[in-house]
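Visitor: File name entry.csv; file contents CSV, C-alpha atoms and all ligand atoms; full text below.
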chain,number,residue,atom,x,y,z
A,337,MET,CA,-27.4,-15.0,-18.9
A,338,ALA,CA,-29.5,-12.3,-17.2
A,339,ARG,CA,-26.9,-12.2,-14.5
A,340,LEU,CA,-24.1,-11.2,-16.9
A,341,GLY,CA,-23.4,-7.5,-16.8
A,342,THR,CA,-21.7,-5.3,-19.4
A,343,GLU,CA,-19.3,-2.5,-20.0
A,344,THR,CA,-21.4,0.6,-20.6
A,345,ALA,CA,-18.6,2.4,-22.5
A,346,PHE,CA,-19.3,0.2,-25.5
A,347,GLU,CA,-23.0,1.0,-25.4
A,348,VAL,CA,-22.5,4.7,-25.1
A,349,LEU,CA,-20.0,4.6,-28.0
A,350,VAL,CA,-22.7,3.0,-30.2
A,351,ARG,CA,-25.3,5.7,-29.2
A,352,ALA,CA,-22.7,8.5,-29.8
A,353,LYS,CA,-21.8,7.0,-33.2
A,354,ALA,CA,-25.5,6.8,-34.1
A,355,LEU,CA,-25.9,10.5,-33.3
A,356,GLU,CA,-22.8,11.3,-35.4
A,357,ALA,CA,-24.4,9.4,-38.3
A,358,GLN,CA,-27.3,11.8,-38.0
A,359,GLY,CA,-24.8,14.7,-38.5
A,360,ARG,CA,-24.2,15.6,-34.9
A,361,ASP,CA,-20.8,16.7,-33.7
A,362,ILE,CA,-19.8,14.5,-30.7
A,363,VAL,CA,-16.8,14.7,-28.4
A,364,HIS,CA,-15.9,11.2,-27.4
A,365,LEU,CA,-14.8,11.0,-23.8
A,366,GLU,CA,-16.6,7.7,-23.0
A,367,ILE,CA,-14.2,5.0,-24.1
A,368,GLY,CA,-11.0,4.3,-22.1
A,369,GLU,CA,-8.3,4.0,-24.7
A,370,PRO,CA,-5.3,6.2,-25.6
A,371,ASP,CA,-6.0,8.4,-28.6
A,372,PHE,CA,-2.4,7.9,-29.7
A,373,ASP,CA,-1.5,5.4,-32.5
A,374,THR,CA,0.5,2.4,-31.6
A,375,PRO,CA,4.2,3.4,-31.8
A,376,THR,CA,5.7,2.7,-35.2
A,377,ASN,CA,8.4,0.4,-34.0
A,378,ILE,CA,5.7,-1.9,-32.6
A,379,ILE,CA,3.6,-1.7,-35.8
A,380,ASP,CA,6.6,-2.5,-37.9
A,381,ALA,CA,7.4,-5.5,-35.7
A,382,GLY,CA,3.8,-6.8,-36.2
A,383,VAL,CA,3.9,-6.3,-39.9
A,384,ASN,CA,7.3,-7.9,-40.3
A,385,ALA,CA,6.0,-10.9,-38.2
A,386,LEU,CA,3.1,-11.3,-40.6
A,387,ARG,CA,5.5,-11.4,-43.5
A,388,LYS,CA,7.7,-13.8,-41.8
A,389,GLY,CA,4.9,-16.3,-41.4
A,390,PHE,CA,3.6,-15.6,-37.8
A,391,THR,CA,0.1,-16.4,-39.1
A,392,HIS,CA,-0.3,-19.7,-37.4
A,393,TYR,CA,-1.5,-21.0,-34.1
A,394,GLY,CA,0.9,-20.7,-31.2
A,395,PRO,CA,1.1,-22.2,-27.7
A,396,SER,CA,-2.0,-21.4,-25.5
A,397,ALA,CA,0.1,-19.8,-22.8
A,398,GLY,CA,1.9,-17.6,-25.2
A,399,LEU,CA,5.1,-17.6,-27.3
A,400,PRO,CA,8.1,-18.6,-25.1
A,401,ASP,CA,10.0,-15.5,-26.1
A,402,LEU,CA,7.2,-13.2,-25.1
A,403,ARG,CA,6.6,-15.0,-21.8
A,404,LYS,CA,10.3,-14.6,-21.1
A,405,ALA,CA,10.3,-10.9,-22.0
A,406,ILE,CA,7.2,-10.4,-19.7
A,407,ALA,CA,8.8,-12.4,-16.9
A,408,GLU,CA,11.9,-10.2,-17.0
A,409,ASP,CA,9.9,-7.0,-17.3
A,410,VAL,CA,7.6,-7.8,-14.4
A,411,SER,CA,10.6,-9.0,-12.3
A,412,ARG,CA,12.1,-5.6,-12.9
A,413,SER,CA,9.1,-3.4,-12.4
A,414,ARG,CA,7.7,-5.2,-9.4
A,415,GLY,CA,11.0,-6.1,-7.7
A,416,ILE,CA,10.2,-9.8,-7.7
A,417,LYS,CA,11.6,-12.9,-9.4
A,418,VAL,CA,9.1,-14.1,-12.1
A,419,THR,CA,9.7,-17.1,-14.3
A,420,PRO,CA,8.2,-17.6,-17.8
A,421,GLU,CA,6.1,-20.6,-16.4
A,422,GLU,CA,4.2,-18.0,-14.3
A,423,VAL,CA,3.2,-16.0,-17.3
A,424,VAL,CA,0.1,-16.6,-19.4
A,425,VAL,CA,-0.5,-14.4,-22.5
A,426,VAL,CA,-4.2,-13.9,-23.5
A,427,PRO,CA,-6.1,-11.7,-25.9
A,428,GLY,CA,-6.3,-8.6,-23.6
A,429,GLY,CA,-6.4,-7.9,-19.9
A,430,LYS,CA,-10.1,-8.8,-19.8
A,431,PRO,CA,-9.7,-12.6,-20.5
A,432,ILE,CA,-7.5,-12.8,-17.4
A,433,ILE,CA,-10.4,-11.5,-15.3
A,434,PHE,CA,-12.7,-14.0,-17.1
A,435,PHE,CA,-10.4,-17.0,-16.9
A,436,VAL,CA,-9.2,-16.4,-13.3
A,437,MET,CA,-12.8,-16.1,-12.1
A,438,LEU,CA,-13.9,-19.2,-14.0
A,439,ALA,CA,-10.9,-21.1,-12.5
A,440,LEU,CA,-11.3,-19.9,-8.9
A,441,VAL,CA,-14.8,-18.8,-8.1
A,442,GLU,CA,-17.8,-21.1,-7.5
A,443,GLU,CA,-21.4,-20.6,-6.5
A,444,GLY,CA,-21.7,-19.5,-2.9
A,445,ASP,CA,-18.1,-18.0,-2.8
A,446,GLU,CA,-17.7,-14.3,-2.0
A,447,VAL,CA,-15.6,-11.9,-4.0
A,448,ILE,CA,-14.7,-8.5,-2.7
A,449,TYR,CA,-14.2,-5.9,-5.5
A,450,PRO,CA,-13.8,-2.1,-5.7
A,451,ASN,CA,-17.0,-0.1,-6.3
A,452,PRO,CA,-17.0,2.1,-8.3
A,453,GLY,CA,-14.8,-0.2,-10.4
A,454,PHE,CA,-14.2,-1.8,-13.7
A,455,PRO,CA,-17.7,-3.3,-14.3
A,456,ILE,CA,-16.5,-6.7,-15.6
A,457,TYR,CA,-15.5,-7.7,-12.0
A,458,GLU,CA,-19.1,-7.5,-10.7
A,459,SER,CA,-20.5,-8.9,-13.9
A,460,MET,CA,-18.4,-12.0,-13.7
A,461,VAL,CA,-19.0,-12.6,-10.0
A,462,ASN,CA,-22.8,-12.5,-10.6
A,463,PHE,CA,-22.5,-14.6,-13.7
A,464,LEU,CA,-20.8,-17.4,-11.7
A,465,GLY,CA,-23.5,-17.3,-9.0
A,466,ALA,CA,-21.0,-16.1,-6.4
A,467,LYS,CA,-21.8,-13.2,-4.0
A,468,ALA,CA,-20.5,-9.8,-5.1
A,469,VAL,CA,-19.2,-7.9,-2.1
A,470,PRO,CA,-18.4,-4.3,-3.0
A,471,ILE,CA,-15.7,-2.4,-1.1
A,472,PRO,CA,-16.7,1.3,-1.6
A,473,LEU,CA,-14.1,3.7,-2.8
A,474,ARG,CA,-14.8,7.1,-1.4
A,475,GLU,CA,-13.8,10.5,-2.5
A,476,ASP,CA,-12.8,11.6,1.0
A,477,ARG,CA,-10.2,8.9,1.0
A,478,ASN,CA,-8.9,9.8,-2.4
A,479,PHE,CA,-10.8,6.8,-3.7
A,480,VAL,CA,-8.5,4.3,-1.9
A,481,LEU,CA,-10.3,1.5,0.0
A,482,ASP,CA,-10.6,1.7,3.8
A,483,VAL,CA,-8.7,-1.2,5.2
A,484,LYS,CA,-10.8,-1.5,8.3
A,485,GLU,CA,-13.9,-1.8,6.1
A,486,LEU,CA,-12.1,-4.4,4.0
A,487,ALA,CA,-11.3,-6.4,7.1
A,488,SER,CA,-15.0,-6.2,8.1
A,489,LEU,CA,-16.1,-7.7,4.8
A,490,ILE,CA,-13.8,-10.7,4.8
A,491,THR,CA,-15.6,-13.9,5.9
A,492,ASP,CA,-14.9,-17.6,5.7
A,493,LYS,CA,-16.5,-17.6,2.3
A,494,THR,CA,-14.2,-14.9,0.8
A,495,LYS,CA,-12.5,-16.6,-2.1
A,496,LEU,CA,-11.0,-13.7,-4.0
A,497,ILE,CA,-10.2,-10.0,-3.4
A,498,ILE,CA,-9.8,-7.8,-6.4
A,499,LEU,CA,-7.5,-4.8,-6.2
A,500,ASN,CA,-7.0,-2.2,-9.0
A,501,SER,CA,-4.4,0.5,-8.8
A,502,PRO,CA,-4.1,3.0,-10.5
A,503,GLN,CA,-7.9,2.7,-10.6
A,504,ASN,CA,-10.5,2.9,-13.3
A,505,PRO,CA,-12.7,5.0,-13.0
A,506,THR,CA,-11.5,7.2,-10.1
A,507,GLY,CA,-7.7,7.5,-10.8
A,508,GLY,CA,-7.1,6.5,-7.2
A,509,VAL,CA,-3.7,5.0,-6.4
A,510,MET,CA,-2.7,2.8,-3.6
A,511,THR,CA,0.6,3.6,-2.0
A,512,ARG,CA,3.0,1.0,-0.7
A,513,GLN,CA,1.6,1.6,2.8
A,514,ASP,CA,-2.0,1.1,1.6
A,515,VAL,CA,-1.0,-2.2,-0.1
A,516,GLU,CA,0.9,-3.4,3.0
A,517,ALA,CA,-2.1,-2.6,5.2
A,518,VAL,CA,-4.4,-4.7,2.8
A,519,ALA,CA,-2.0,-7.6,3.0
A,520,LYS,CA,-2.0,-7.4,6.8
A,521,ALA,CA,-5.8,-7.4,6.8
A,522,ILE,CA,-5.9,-10.5,4.7
A,523,GLY,CA,-3.2,-12.2,6.8
A,524,ASP,CA,-2.6,-15.9,6.2
A,525,ARG,CA,-6.2,-16.6,5.1
A,526,ASP,CA,-6.7,-18.8,2.1
A,527,ILE,CA,-7.8,-16.0,-0.1
A,528,MET,CA,-6.6,-15.2,-3.6
A,529,ILE,CA,-5.9,-11.7,-4.9
A,530,LEU,CA,-6.5,-10.5,-8.4
A,531,SER,CA,-4.3,-7.4,-8.7
A,532,ASP,CA,-5.4,-5.5,-11.8
A,533,GLU,CA,-2.3,-3.4,-12.6
A,534,ILE,CA,-3.2,-2.6,-16.2
A,535,TYR,CA,-2.5,1.2,-15.5
A,536,SER,CA,0.7,0.6,-13.6
A,537,ARG,CA,2.8,2.6,-16.0
A,538,LEU,CA,0.2,5.4,-16.1
A,539,LEU,CA,1.2,6.9,-12.8
A,540,PHE,CA,1.6,10.7,-12.5
A,541,GLU,CA,3.5,10.6,-9.2
A,542,GLY,CA,5.1,8.1,-6.9
A,543,LYS,CA,6.1,4.5,-7.7
A,544,HIS,CA,3.8,1.6,-8.4
A,545,PHE,CA,3.8,-1.1,-5.7
A,546,SER,CA,2.3,-4.5,-6.3
A,547,ILE,CA,0.9,-6.7,-3.6
A,548,ALA,CA,2.9,-9.5,-5.2
A,549,ALA,CA,6.0,-7.8,-3.9
A,550,ILE,CA,5.0,-8.8,-0.4
A,551,GLU,CA,6.6,-12.2,0.1
A,552,GLU,CA,3.7,-13.8,2.0
A,553,MET,CA,1.2,-12.7,-0.7
A,554,ARG,CA,3.2,-13.8,-3.7
A,555,ASP,CA,1.6,-17.3,-4.2
A,556,ARG,CA,-1.9,-15.9,-3.6
A,557,THR,CA,-1.6,-13.1,-6.1
A,558,ILE,CA,-2.4,-13.0,-9.8
A,559,ILE,CA,-1.1,-9.9,-11.5
A,560,LEU,CA,-3.1,-8.6,-14.4
A,561,ASP,CA,-1.3,-6.3,-16.9
A,562,GLY,CA,-1.1,-5.9,-20.6
A,563,PHE,CA,-0.4,-3.8,-23.6
A,564,SER,CA,-3.7,-2.0,-24.3
A,565,LYS,CA,-3.1,1.1,-22.3
A,566,THR,CA,0.7,1.3,-21.8
A,567,TYR,CA,1.5,1.0,-25.5
A,568,ALA,CA,-1.8,2.2,-27.1
A,569,MET,CA,-2.6,-1.3,-28.4
A,570,THR,CA,-6.2,-1.8,-27.4
A,571,GLY,CA,-7.2,-3.2,-30.8
A,572,TRP,CA,-4.4,-5.7,-31.0
A,573,ARG,CA,-5.9,-7.7,-28.1
A,574,MET,CA,-3.1,-8.8,-25.8
A,575,GLY,CA,-2.7,-8.9,-22.1
A,576,TYR,CA,-1.2,-11.3,-19.5
A,577,GLY,CA,-1.5,-12.7,-16.1
A,578,VAL,CA,1.4,-13.6,-13.7
A,579,MET,CA,0.5,-16.3,-11.2
A,580,ARG,CA,1.7,-19.6,-9.6
A,581,PRO,CA,2.8,-22.1,-12.3
A,582,ASP,CA,0.1,-24.6,-11.3
A,583,LEU,CA,-2.7,-22.0,-11.7
A,584,ALA,CA,-1.0,-20.7,-14.9
A,585,GLN,CA,-1.5,-24.2,-16.4
A,586,HIS,CA,-5.2,-24.1,-15.6
A,587,ILE,CA,-5.6,-20.7,-17.1
A,588,ALA,CA,-3.7,-21.8,-20.3
A,589,ARG,CA,-6.1,-24.8,-20.5
A,590,LEU,CA,-9.0,-22.4,-20.4
A,591,ALA,CA,-7.4,-20.5,-23.2
A,592,THR,CA,-7.0,-23.8,-25.2
A,593,ASN,CA,-10.8,-24.3,-24.6
A,594,SER,CA,-11.8,-20.8,-25.8
A,595,THR,CA,-9.3,-18.7,-27.7
A,596,SER,CA,-6.7,-21.3,-28.5
A,597,CYS,CA,-4.0,-18.6,-28.4
A,598,THR,CA,-3.3,-15.0,-28.8
A,599,ALA,CA,-2.6,-13.9,-32.4
A,600,THR,CA,1.1,-14.8,-32.9
A,601,PHE,CA,2.1,-11.7,-34.9
A,602,THR,CA,0.5,-9.6,-32.2
A,603,GLN,CA,2.8,-11.4,-29.7
A,604,ILE,CA,5.9,-10.6,-31.8
A,605,ALA,CA,4.8,-7.0,-31.7
A,606,GLY,CA,4.5,-7.4,-27.9
A,607,ILE,CA,8.1,-8.4,-27.6
A,608,GLU,CA,9.1,-5.2,-29.4
A,609,ALA,CA,6.8,-3.2,-27.2
A,610,ILE,CA,8.5,-4.5,-24.0
A,611,CYS,CA,12.1,-4.7,-25.3
A,612,GLY,CA,12.2,-1.7,-27.7
A,613,PRO,CA,12.5,2.0,-26.8
A,614,GLN,CA,10.1,3.3,-24.1
A,615,ALA,CA,10.1,6.9,-25.1
A,616,SER,CA,6.6,6.7,-26.5
A,617,VAL,CA,5.3,5.6,-23.1
A,618,GLU,CA,6.9,8.5,-21.4
A,619,HIS,CA,5.6,10.9,-24.1
A,620,MET,CA,2.0,9.6,-23.7
A,621,ASN,CA,2.2,9.9,-19.9
A,622,ASP,CA,3.5,13.5,-20.2
A,623,GLU,CA,0.6,14.4,-22.4
A,624,PHE,CA,-2.0,12.7,-20.2
A,625,LYS,CA,-0.6,14.7,-17.2
A,626,LYS,CA,-0.9,18.0,-19.1
A,627,ARG,CA,-4.5,17.1,-20.0
A,628,ARG,CA,-5.3,16.0,-16.5
A,629,ASP,CA,-4.1,19.3,-15.1
A,630,TYR,CA,-6.0,21.3,-17.7
A,631,PHE,CA,-9.2,19.3,-17.2
A,632,ALA,CA,-9.0,19.5,-13.4
A,633,GLU,CA,-8.5,23.2,-13.4
A,634,ARG,CA,-11.4,23.9,-15.7
A,635,ILE,CA,-14.0,21.3,-14.5
A,636,ASN,CA,-13.5,22.7,-10.9
A,637,LYS,CA,-14.7,26.1,-12.1
A,638,ILE,CA,-17.9,24.7,-13.7
A,639,LYS,CA,-21.1,25.1,-11.7
A,640,GLY,CA,-22.1,22.0,-9.7
A,641,PHE,CA,-18.9,20.0,-10.6
A,642,SER,CA,-15.9,19.3,-8.3
A,643,CYS,CA,-13.1,17.0,-9.1
A,644,LYS,CA,-10.2,15.4,-7.3
A,645,VAL,CA,-7.0,15.4,-9.3
A,646,PRO,CA,-6.4,11.8,-10.2
A,647,ARG,CA,-2.9,10.3,-9.5
A,648,GLY,CA,-3.0,7.7,-12.2
A,649,ALA,CA,-4.8,6.2,-15.3
A,650,PHE,CA,-6.5,8.6,-17.7
A,651,TYR,CA,-9.9,9.3,-16.3
A,652,MET,CA,-11.5,12.3,-14.5
A,653,PHE,CA,-14.2,11.4,-12.0
A,654,PRO,CA,-15.9,14.6,-11.0
A,655,ASN,CA,-18.5,14.8,-8.2
A,656,ILE,CA,-21.7,16.2,-9.7
A,657,THR,CA,-24.1,16.1,-6.7
A,658,ARG,CA,-24.2,19.9,-6.5
A,659,THR,CA,-25.7,20.0,-10.0
A,660,GLY,CA,-28.9,18.5,-8.5
A,661,TRP,CA,-28.8,15.9,-11.2
A,662,LYS,CA,-28.4,12.1,-10.9
A,663,SER,CA,-25.5,10.6,-12.8
A,664,LYS,CA,-27.3,8.7,-15.5
A,665,PRO,CA,-29.7,11.5,-16.6
A,666,LEU,CA,-26.8,14.0,-16.5
A,667,ALA,CA,-24.6,11.8,-18.8
A,668,ASP,CA,-27.6,11.3,-21.1
A,669,ALA,CA,-28.3,15.1,-21.1
A,670,LEU,CA,-24.7,16.0,-21.9
A,671,LEU,CA,-24.7,13.5,-24.9
A,672,ASP,CA,-28.1,14.4,-26.2
A,673,GLN,CA,-28.0,18.2,-25.6
A,674,VAL,CA,-24.4,19.2,-26.1
A,675,GLY,CA,-22.7,16.2,-27.8
A,676,VAL,CA,-20.3,15.3,-25.0
A,677,ALA,CA,-20.1,11.5,-24.5
A,678,ALA,CA,-19.2,10.7,-20.9
A,679,LEU,CA,-20.2,7.8,-18.6
A,680,SER,CA,-22.4,7.8,-15.6
A,681,GLY,CA,-20.6,6.9,-12.4
A,682,THR,CA,-23.2,4.2,-11.9
A,683,ALA,CA,-21.8,2.4,-15.0
A,684,PHE,CA,-19.0,1.4,-12.5
A,685,GLY,CA,-21.4,0.2,-9.7
A,686,ALA,CA,-23.8,1.7,-7.2
A,687,PHE,CA,-21.2,3.6,-5.4
A,688,GLY,CA,-20.5,5.6,-8.6
A,689,GLU,CA,-23.8,7.6,-8.1
A,690,GLY,CA,-23.0,11.3,-7.9
A,691,TYR,CA,-20.1,11.1,-10.3
A,692,LEU,CA,-19.4,11.1,-14.1
A,693,ARG,CA,-16.4,9.6,-15.8
A,694,PHE,CA,-14.6,11.5,-18.5
A,695,SER,CA,-11.7,9.8,-20.4
A,696,ILE,CA,-8.9,12.4,-21.0
A,697,ALA,CA,-7.3,10.2,-23.5
A,698,ASN,CA,-8.3,12.7,-26.1
A,699,SER,CA,-6.7,15.8,-27.7
A,700,MET,CA,-6.4,19.1,-25.9
A,701,GLU,CA,-8.6,20.6,-28.6
A,702,ASN,CA,-11.4,18.1,-28.0
A,703,LEU,CA,-11.1,18.4,-24.2
A,704,LYS,CA,-11.4,22.1,-24.5
A,705,LYS,CA,-14.4,21.7,-26.8
A,706,ALA,CA,-16.0,19.3,-24.3
A,707,LEU,CA,-15.4,21.5,-21.3
A,708,ASP,CA,-16.7,24.6,-23.2
A,709,ARG,CA,-19.9,22.7,-23.9
A,710,VAL,CA,-20.3,21.3,-20.4
A,711,GLU,CA,-19.7,24.8,-19.0
A,712,GLU,CA,-22.3,26.3,-21.2
A,713,TRP,CA,-24.8,23.5,-20.3
A,714,ALA,CA,-24.2,24.0,-16.6
A,715,ASN,CA,-24.6,27.8,-16.8
A,716,LYS,CA,-28.1,27.1,-18.3
A,717,ASN,CA,-29.2,24.2,-16.3
A,718,VAL,CA,-27.6,24.3,-12.8
A,719,LYS,CA,-29.0,26.8,-10.3
B,1,LIG,C1,-9.2,-1.7,-14.9
B,1,LIG,C2,-9.2,-2.4,-16.2
B,1,LIG,N1,-8.8,-3.7,-16.3
B,1,LIG,C3,-8.8,-4.4,-17.4
B,1,LIG,C4,-9.1,-3.7,-18.6
B,1,LIG,C5,-9.1,-4.6,-19.9
B,1,LIG,O1,-8.1,-4.2,-20.8
B,1,LIG,P1,-8.0,-4.9,-22.2
B,1,LIG,O2,-8.5,-3.9,-23.2
B,1,LIG,O3,-6.5,-5.2,-22.4
B,1,LIG,O4,-8.8,-6.2,-22.2
B,1,LIG,C6,-9.5,-2.4,-18.6
B,1,LIG,C7,-9.9,-1.7,-19.9
B,1,LIG,O5,-10.6,-0.7,-19.9
B,1,LIG,C8,-9.5,-1.7,-17.4
B,1,LIG,O6,-9.9,-0.4,-17.3
Would you give me this structure, written as structure tokens?
Ligand SMILES: Cc1ncc(COP(=O)(O)O)c(C=O)c1O

Guide:
Amino acid sequence: MARLGTETAFEVLVRAKALEAQGRDIVHLEIGEPDFDTPTNIIDAGVNALRKGFTHYGPSAGLPDLRKAIAEDVSRSRGIKVTPEEVVVVPGGKPIIFFVMLALVEEGDEVIYPNPGFPIYESMVNFLGAKAVPIPLREDRNFVLDVKELASLITDKTKLIILNSPQNPTGGVMTRQDVEAVAKAIGDRDIMILSDEIYSRLLFEGKHFSIAAIEEMRDRTIILDGFSKTYAMTGWRMGYGVMRPDLAQHIARLATNSTSCTATFTQIAGIEAICGPQASVEHMNDEFKKRRDYFAERINKIKGFSCKVPRGAFYMFPNITRTGWKSKPLADALLDQVGVAALSGTAFGAFGEGYLRFSIANSMENLKKALDRVEEWANKNVK
């Protein structure tokens, strides 16, 4: 158990809440979830489903109608042909990471994953006794991996490569050319790809391109996507994986052994999310873009901070090296001294040193308040 990591956002949230309970005013920019409510058409579908009796177990791989809706949606958005047998619905995007790793990774295997990156990847690799091989994402490359470096990290033991675009925590986005170069570097090796595309609809410019759209990579790719971010449904717990039917059956069996199934009324709401009006998705994206522009402009004027403008997701990942502070003490100081909850870049791996992550999935008013406070802090504490 000592090898299992964690997601620091949840720990910082607990600390921030404890400070609030003591009467402190805290701006929460630590947790990565849309501040919007789930759109009402989706809520209504969930409530109606409860009333109609969707209160029982369902198939482990997901309700057939939802698997069909997802297959059609992913076919459209990725430009590939997906069948319902390739879709497994699980309670969130996270269980896809957990189940896929359990299914594919053994002691002694090597897994290449982005660093800084979503901390659960590294946690699970270590937990399974495999070797965690980080591929650094660097600011000077707009936080997109260096394909030559990736090629140099691939060995005979590489079992799985994890990609994530748009990326948490950096907001980096891989273009079609980037993805094609990665596919070329992997070649015909027997390596599986976990392509975490949970932010694929949260793209500020350009078009999302999945490695699954490259014919030769299709059978080796597991697409991870879900409802949490796109439809502001984090608490409903629903996500999915798209993969070869034989692997899908194994993943569904892992679900049978653990969660049994995803809540059935949640899945009915999921059908409405995918098949219903999409205006709320566009609205949220427009808002996130405004907030990104505002945050970028202001943070770049604060002493010691500099920040690339992210191209996707809803995080800002400023470089803080010129403050003279290390990331973790700086995140602690901002929370303790001025009530701004952010995450240390190191919560996303060793290569996150020198950065902080702020979630911009918060109101303009709160972002302004947070930036005013950080600015005031920096004016006092940064030489
Ligand atoms: C990159 C990435 N993948 C997966 C997830 C998991 O999402 P879910 O809440 O649907 O489990 C997150 C959530 O923060 C994420 O940032």

Visitor: Which residues come within 9 Å of region 625-630 of chain A, counting all atoms listed in the file, excluding same-chain residues fewer than 2 positions away, as a PyMOL selection string?

Guide: chain A and resi 540+620-623+632-635+645-646+648+650-652+696-700+703-704

Visitor: Using all atoms listed in the file, which protein or nucleic acid residues are at most 9 Å from ligand LIG 1 (chain B), as a PDB file with C-alpha atoms, in the coordinates of the input?

Guide:
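Output (out-v5.pdb):
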ATOM      1  CA  GLU A 343     -19.300  -2.500 -20.000  1.00  0.00           C
ATOM      2  CA  ALA A 345     -18.600   2.400 -22.500  1.00  0.00           C
ATOM      3  CA  ILE A 367     -14.200   5.000 -24.100  1.00  0.00           C
ATOM      4  CA  GLY A 368     -11.000   4.300 -22.100  1.00  0.00           C
ATOM      5  CA  GLU A 369      -8.300   4.000 -24.700  1.00  0.00           C
ATOM      6  CA  PRO A 427      -6.100 -11.700 -25.900  1.00  0.00           C
ATOM      7  CA  GLY A 428      -6.300  -8.600 -23.600  1.00  0.00           C
ATOM      8  CA  GLY A 429      -6.400  -7.900 -19.900  1.00  0.00           C
ATOM      9  CA  LYS A 430     -10.100  -8.800 -19.800  1.00  0.00           C
ATOM     10  CA  PRO A 431      -9.700 -12.600 -20.500  1.00  0.00           C
ATOM     11  CA  ILE A 432      -7.500 -12.800 -17.400  1.00  0.00           C
ATOM     12  CA  ILE A 433     -10.400 -11.500 -15.300  1.00  0.00           C
ATOM     13  CA  GLY A 453     -14.800  -0.200 -10.400  1.00  0.00           C
ATOM     14  CA  PHE A 454     -14.200  -1.800 -13.700  1.00  0.00           C
ATOM     15  CA  PRO A 455     -17.700  -3.300 -14.300  1.00  0.00           C
ATOM     16  CA  ILE A 456     -16.500  -6.700 -15.600  1.00  0.00           C
ATOM     17  CA  TYR A 457     -15.500  -7.700 -12.000  1.00  0.00           C
ATOM     18  CA  ASN A 500      -7.000  -2.200  -9.000  1.00  0.00           C
ATOM     19  CA  SER A 501      -4.400   0.500  -8.800  1.00  0.00           C
ATOM     20  CA  PRO A 502      -4.100   3.000 -10.500  1.00  0.00           C
ATOM     21  CA  GLN A 503      -7.900   2.700 -10.600  1.00  0.00           C
ATOM     22  CA  ASN A 504     -10.500   2.900 -13.300  1.00  0.00           C
ATOM     23  CA  PRO A 505     -12.700   5.000 -13.000  1.00  0.00           C
ATOM     24  CA  ASP A 532      -5.400  -5.500 -11.800  1.00  0.00           C
ATOM     25  CA  GLU A 533      -2.300  -3.400 -12.600  1.00  0.00           C
ATOM     26  CA  ILE A 534      -3.200  -2.600 -16.200  1.00  0.00           C
ATOM     27  CA  TYR A 535      -2.500   1.200 -15.500  1.00  0.00           C
ATOM     28  CA  LEU A 560      -3.100  -8.600 -14.400  1.00  0.00           C
ATOM     29  CA  ASP A 561      -1.300  -6.300 -16.900  1.00  0.00           C
ATOM     30  CA  GLY A 562      -1.100  -5.900 -20.600  1.00  0.00           C
ATOM     31  CA  PHE A 563      -0.400  -3.800 -23.600  1.00  0.00           C
ATOM     32  CA  SER A 564      -3.700  -2.000 -24.300  1.00  0.00           C
ATOM     33  CA  LYS A 565      -3.100   1.100 -22.300  1.00  0.00           C
ATOM     34  CA  MET A 569      -2.600  -1.300 -28.400  1.00  0.00           C
ATOM     35  CA  THR A 570      -6.200  -1.800 -27.400  1.00  0.00           C
ATOM     36  CA  GLY A 571      -7.200  -3.200 -30.800  1.00  0.00           C
ATOM     37  CA  TRP A 572      -4.400  -5.700 -31.000  1.00  0.00           C
ATOM     38  CA  ARG A 573      -5.900  -7.700 -28.100  1.00  0.00           C
ATOM     39  CA  MET A 574      -3.100  -8.800 -25.800  1.00  0.00           C
ATOM     40  CA  GLY A 575      -2.700  -8.900 -22.100  1.00  0.00           C
ATOM     41  CA  TYR A 576      -1.200 -11.300 -19.500  1.00  0.00           C
ATOM     42  CA  ALA A 649      -4.800   6.200 -15.300  1.00  0.00           C
TER      43      ALA A 649
END

Visitor: Which of these, A:Lys639, A:Arg647, A:Arg474, A:Lys520, has the shortest distance to Trp713 (chain A) once you count all atoms listed in the file?

Guide: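 Looking at the shortest contact to Trp713 (chain A), the residue is A:Lys639.
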
Visitor: One decimal, in Å: what's the spacing between CA of Asn655 (chain A) and CA of Phe641 (chain A)?

Guide: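 Answer for the CA of Asn655 (chain A) to CA of Phe641 (chain A) separation: 5.7 Å.
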
Visitor: Using all atoms listed in the file, which of A:Glu608, A:Asp582, A:Glu458, A:Asp672 sits nearest Ala352 (chain A)?

Guide: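 Nearest candidate to Ala352 (chain A) out of A:Glu608, A:Asp582, A:Glu458, A:Asp672: A:Asp672.
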
Visitor: Closest to Glu541 (chain A) among A:Gly606, A:Gly507, A:Gly382, A:Gly612, using all atoms listed in the file?

Guide: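 Counting all atoms listed in the file, the residue closest to Glu541 (chain A) is A:Gly507.
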
Visitor: For each of A:Thr511, A:Thr344, A:Ser411, A:Ser396, take the minimum atom-to-atom distance to Gln585 (chain A), counting only C-alpha atoms, then give the residue where this is smallest.

Guide: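 Between A:Thr511, A:Thr344, A:Ser411, A:Ser396, the residue approaching Gln585 (chain A) most closely is A:Ser396.
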
Visitor: Between A:Phe346, A:Tyr449, A:Phe545, A:Phe390, which one has atoms that come closest to Leu486 (chain A), using all atoms listed in the file?

Guide: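 Closest candidate: A:Tyr449.
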
Visitor: Would you mind listing what lies within 10 Å of Asp514 (chain A) as number ranges by chain, with only C-alpha atoms counted and same-chain residues fewer than 3 positions away left out?

Guide: A: 480-483, 509-511, 517-520, 545, 547
